[in-house]
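Scroll down for the structure; my scribbles are underneath it.
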Amino acid sequence: MIQMAENAKNHPPHFNNAAFDIVAIAASAGGVTALVKVLSTLPAKFPAAIAIVQHLAPQHRSFMAEILGRRTVLAVKQAQEGDCLTPGTAYVAPPNHHLLVNGDSTLSLSQSELVHFLRPSADLLFESIATIYKDRAIAIVLTGTGSDGAMGVEAIKKMGGTIIVQEVKTAEFSGMPSAAIQTGNVDFILPLDAISSTLVTLVMGNVEID
C-alpha cells in the first residue's frame with residue numbers, strides 16, 4: 001500500500017489535448033537567440049508547460065523572462081518556489097538556483113551544490129521531470145558550451161521520454177548539443193528553425209491552431 005501511495009504521488013494530472021505535459025529546455029552560450037527562435041512561433045494554445053534552464057551569471061539579476069516574454073505569445077515568468085506548472089506557460093530558472101519539478105506538478109528552487117560547476121543544472125531539471133512525467137516529457141538541448149544536459153537526456157530516455165537536440169551546425173556553440181547526441185539517446189536532431197514546428201506536432205498532434 002505504501003508503494004501504491006508513492007506511485008500515485010508521482011503521476012501528476014495530464015493536461016488536456018496534450019500528448020506531453022512538460023517540455024524542458026536547456027541552453028547556455030548563444031541560448032537567448034535560440035530560445036527566442038523556439039518560443040516565438042509556439043501557439044498561444046500550446047497545451048504543455050515549459051521549464052527552461054539557461055546558464056546565467058549568478059551574481060546578476062536576470063531579465064531573461066522579460067526578454068523572452070516580449071517575443072512570444074506564451075506566458076513567461078521567472079520560476080518561484082511552489083509555482084504550479086500551467087499549460088502555455090514557460091518557467092525560467094533564476095540565476096544561481098537549480099530548478100526541479102515535484103510529483104504534484106509544483107516547482108522547487110534549490111541552492112544545493114553545483115553540478116559540473118553549474119547552478120542551475122539542466123541535468124537536475126531533466127532528471128526530475130524524467131522521474132515524474134516519464135513518457136510524457138520532452139527534453140530539448142540547444143546551443144551551449146560544456147556537456148550539461150547529457151546525463152539528464154539519458155534519464156529521460158530511460159523513462160520513455162522524447163529528446164530533441166539542435167543540429168550542431170546550426171548551434172552557435174556545439175558543446176551541449178554534441179554531448180547530448182553522443183549519448184545515443186536522441187530522437188530528433190533538428191536545425192533550430194525546425195524545432196518549434198516539431199514540438200507543436202509532437203505535443204498537439206493534429207489539433208488545429210487558430
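Ligands are numbered from 1 in the order shown, residues from 1 within each chain, and chains are lettered A, B, ... in the order they appear in the C-alpha cells.
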
Which residues of stretch 66-174 of chain A have any atom within 9 Å of an atom in stretch 42-47 of chain A when counting only C-alpha atoms, and what is the closest pair of atoms for each, with the distance in Å to one decimal? Order the rows by chain and rising number and write it as JSON lines.
{"residue": "A:Thr72", "atom": "CA", "partner": "A:Leu42", "partner_atom": "CA", "distance": 7.4}
{"residue": "A:Val73", "atom": "CA", "partner": "A:Ala44", "partner_atom": "CA", "distance": 5.4}
{"residue": "A:Leu74", "atom": "CA", "partner": "A:Ala44", "partner_atom": "CA", "distance": 5.5}
{"residue": "A:Ala75", "atom": "CA", "partner": "A:Ala44", "partner_atom": "CA", "distance": 8.6}
{"residue": "A:Thr86", "atom": "CA", "partner": "A:Pro47", "partner_atom": "CA", "distance": 8.6}
{"residue": "A:Pro87", "atom": "CA", "partner": "A:Pro47", "partner_atom": "CA", "distance": 4.8}
{"residue": "A:Gly88", "atom": "CA", "partner": "A:Phe46", "partner_atom": "CA", "distance": 5.1}
{"residue": "A:Thr89", "atom": "CA", "partner": "A:Phe46", "partner_atom": "CA", "distance": 8.6}

Report task. Using DSSP on the backbone, list every residue of stretch 28-148 of chain A that comes out as strand (DSSP E or B), and give them as number ranges by chain. Result -> A: 49-54, 75-78, 84, 89-92, 98-101, 106-110, 115, 118, 137-141

Requested in this report: Would you mind listing what lies within 10 Å of A:Phe15 as a list in words, with only C-alpha atoms counted and same-chain residues fewer than 2 positions away left out?
Outcome: Pro12, Pro13, Asn17, Ala18, Ala19, Phe20, Asp21, Ile22, Pro47, Ala48, Ala49, Thr86 and Pro87 of chain A

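With only C-alpha atoms as the atoms that count, the residue of A:Gln78, A:Ser178, A:Gln54, A:Thr162 with the shortest distance to A:Leu125 is A:Gln54.
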
**Report entry** Surrounding residues of A:Glu172 excluding itself and chain neighbours under 6 positions, 12 Å, only C-alpha atoms, as a list in words
**Finding:**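 In the requested form, the answer reads Ala27, Ser28, Ala29, Gly30, Gly31, Val32, Thr33, Ala34, Leu142, Thr143, Gly144, Thr145, Gln166, Ser178, Pro191 and Leu192 of chain A.
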
Kindly save the residues from that selection, with N, CA and C atoms included, as a compact mmCIF listing (two decimals), in the first residue's frame.
# COMPACT_ATOMS: atom_id res chain seq x y z
N ALA A 27 19.85 25.47 -22.36
CA ALA A 27 20.69 26.28 -23.25
C ALA A 27 21.76 26.97 -22.42
N SER A 28 22.84 27.32 -23.10
CA SER A 28 23.91 28.06 -22.44
C SER A 28 24.36 29.17 -23.38
N ALA A 29 25.63 29.20 -23.74
CA ALA A 29 26.13 30.26 -24.62
C ALA A 29 25.35 30.29 -25.94
N GLY A 30 24.88 31.47 -26.33
CA GLY A 30 24.07 31.61 -27.54
C GLY A 30 22.62 31.27 -27.33
N GLY A 31 22.25 30.98 -26.10
CA GLY A 31 20.92 30.44 -25.83
C GLY A 31 19.78 31.42 -25.98
N VAL A 32 20.01 32.70 -25.72
CA VAL A 32 18.90 33.65 -25.79
C VAL A 32 18.30 33.67 -27.19
N THR A 33 19.15 33.78 -28.20
CA THR A 33 18.68 33.81 -29.58
C THR A 33 17.95 32.51 -29.93
N ALA A 34 18.51 31.38 -29.50
CA ALA A 34 17.90 30.09 -29.80
C ALA A 34 16.56 29.93 -29.09
N LEU A 142 19.73 22.87 -26.57
CA LEU A 142 20.10 23.89 -27.56
C LEU A 142 21.58 24.24 -27.42
N THR A 143 21.99 25.26 -28.14
CA THR A 143 23.37 25.73 -28.16
C THR A 143 23.95 25.91 -26.76
N GLY A 144 25.24 25.66 -26.63
CA GLY A 144 25.91 25.89 -25.35
C GLY A 144 27.25 25.19 -25.29
N THR A 145 28.11 25.69 -24.41
CA THR A 145 29.39 25.04 -24.18
C THR A 145 29.24 24.00 -23.08
N GLN A 166 19.33 20.39 -30.89
CA GLN A 166 19.65 21.29 -32.00
C GLN A 166 20.80 20.73 -32.82
N SER A 178 26.39 18.48 -28.95
CA SER A 178 27.25 17.34 -29.27
C SER A 178 27.24 16.30 -28.15
N PRO A 191 17.60 21.25 -37.25
CA PRO A 191 18.04 22.64 -37.34
C PRO A 191 17.16 23.50 -36.44
N LEU A 192 17.71 24.58 -35.94
CA LEU A 192 16.97 25.42 -34.99
C LEU A 192 15.60 25.81 -35.51

Report task. Go through A:Asn96, A:Ser147, A:Thr41, A:Asn185 and flag the residue nearest A:Gly160, using only C-alpha atoms for the distances. Result ->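 The answer is A:Asn185, which sits nearest to A:Gly160.
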
**Report entry** Given only C-alpha atoms as the counted atoms, nearest of A:Ile50, A:Val153, A:Ala194, A:Ala90 to A:Ala179
**Finding:**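 Of A:Ile50, A:Val153, A:Ala194, A:Ala90, the one nearest A:Ala179, counting only C-alpha atoms, is A:Val153.
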
Query raised in the report: Where does DSSP see alpha helix (DSSP H) in chain A, if you list the residues as JSON, numbers by chain?
Result: {"A": [2, 3, 4, 5, 6, 7, 8, 9, 31, 32, 33, 34, 35, 36, 37, 38, 39, 64, 65, 66, 67, 68, 69, 122, 123, 124, 125, 126, 127, 128, 129, 130, 131, 132, 133, 150, 151, 152, 153, 154, 155, 156, 157, 158, 175, 176, 177, 178, 179, 180, 181, 192, 193, 194, 195, 196, 197, 198, 199, 200, 201, 202, 203, 204]}

Report task. Write out as a list in words which residues come within 8 Å of A:Leu85 when counting only C-alpha atoms, dropping same-chain ones fewer than 6 positions away. Result -> Ala49, Ser105, Thr106 and Leu107 of chain A

Take the residues just selected and output them with N, CA, C and O atoms as a PDB file, in the first residue's frame.
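Output file result23.pdb follows:
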ATOM      1  N   ALA A  49       3.339  22.634 -20.358  1.00  0.00           N
ATOM      2  CA  ALA A  49       4.164  23.604 -19.631  1.00  0.00           C
ATOM      3  C   ALA A  49       5.600  23.507 -20.133  1.00  0.00           C
ATOM      4  O   ALA A  49       6.025  22.474 -20.657  1.00  0.00           O
ATOM      5  N   SER A 105       3.386  18.474  -9.504  1.00  0.00           N
ATOM      6  CA  SER A 105       3.466  19.467 -10.585  1.00  0.00           C
ATOM      7  C   SER A 105       3.888  20.849 -10.104  1.00  0.00           C
ATOM      8  O   SER A 105       3.760  21.818 -10.860  1.00  0.00           O
ATOM      9  N   THR A 106       4.381  20.965  -8.879  1.00  0.00           N
ATOM     10  CA  THR A 106       4.911  22.240  -8.427  1.00  0.00           C
ATOM     11  C   THR A 106       6.422  22.299  -8.675  1.00  0.00           C
ATOM     12  O   THR A 106       7.062  21.276  -8.937  1.00  0.00           O
ATOM     13  N   LEU A 107       6.963  23.500  -8.599  1.00  0.00           N
ATOM     14  CA  LEU A 107       8.386  23.712  -8.824  1.00  0.00           C
ATOM     15  C   LEU A 107       9.112  23.961  -7.513  1.00  0.00           C
ATOM     16  O   LEU A 107       8.565  24.573  -6.589  1.00  0.00           O
TER      17      LEU A 107
END

Query raised in the report: Interatomic distance between atom CA of A:Tyr133 and atom CA of A:Leu114?
Result: 24.2 Å

Query raised in the report: Excluding same-chain residues fewer than 3 positions from A:Ile163, what lies within 9 Å of it counting only C-alpha atoms, as number ranges by chain?
Result: A: 137-141, 153, 156-157, 185-189

Report summary line: Between A:Ser174, A:Ser121, A:Gln182, A:Asn102, smallest distance to A:Ile25 by only C-alpha atoms belongs to A:Ser121
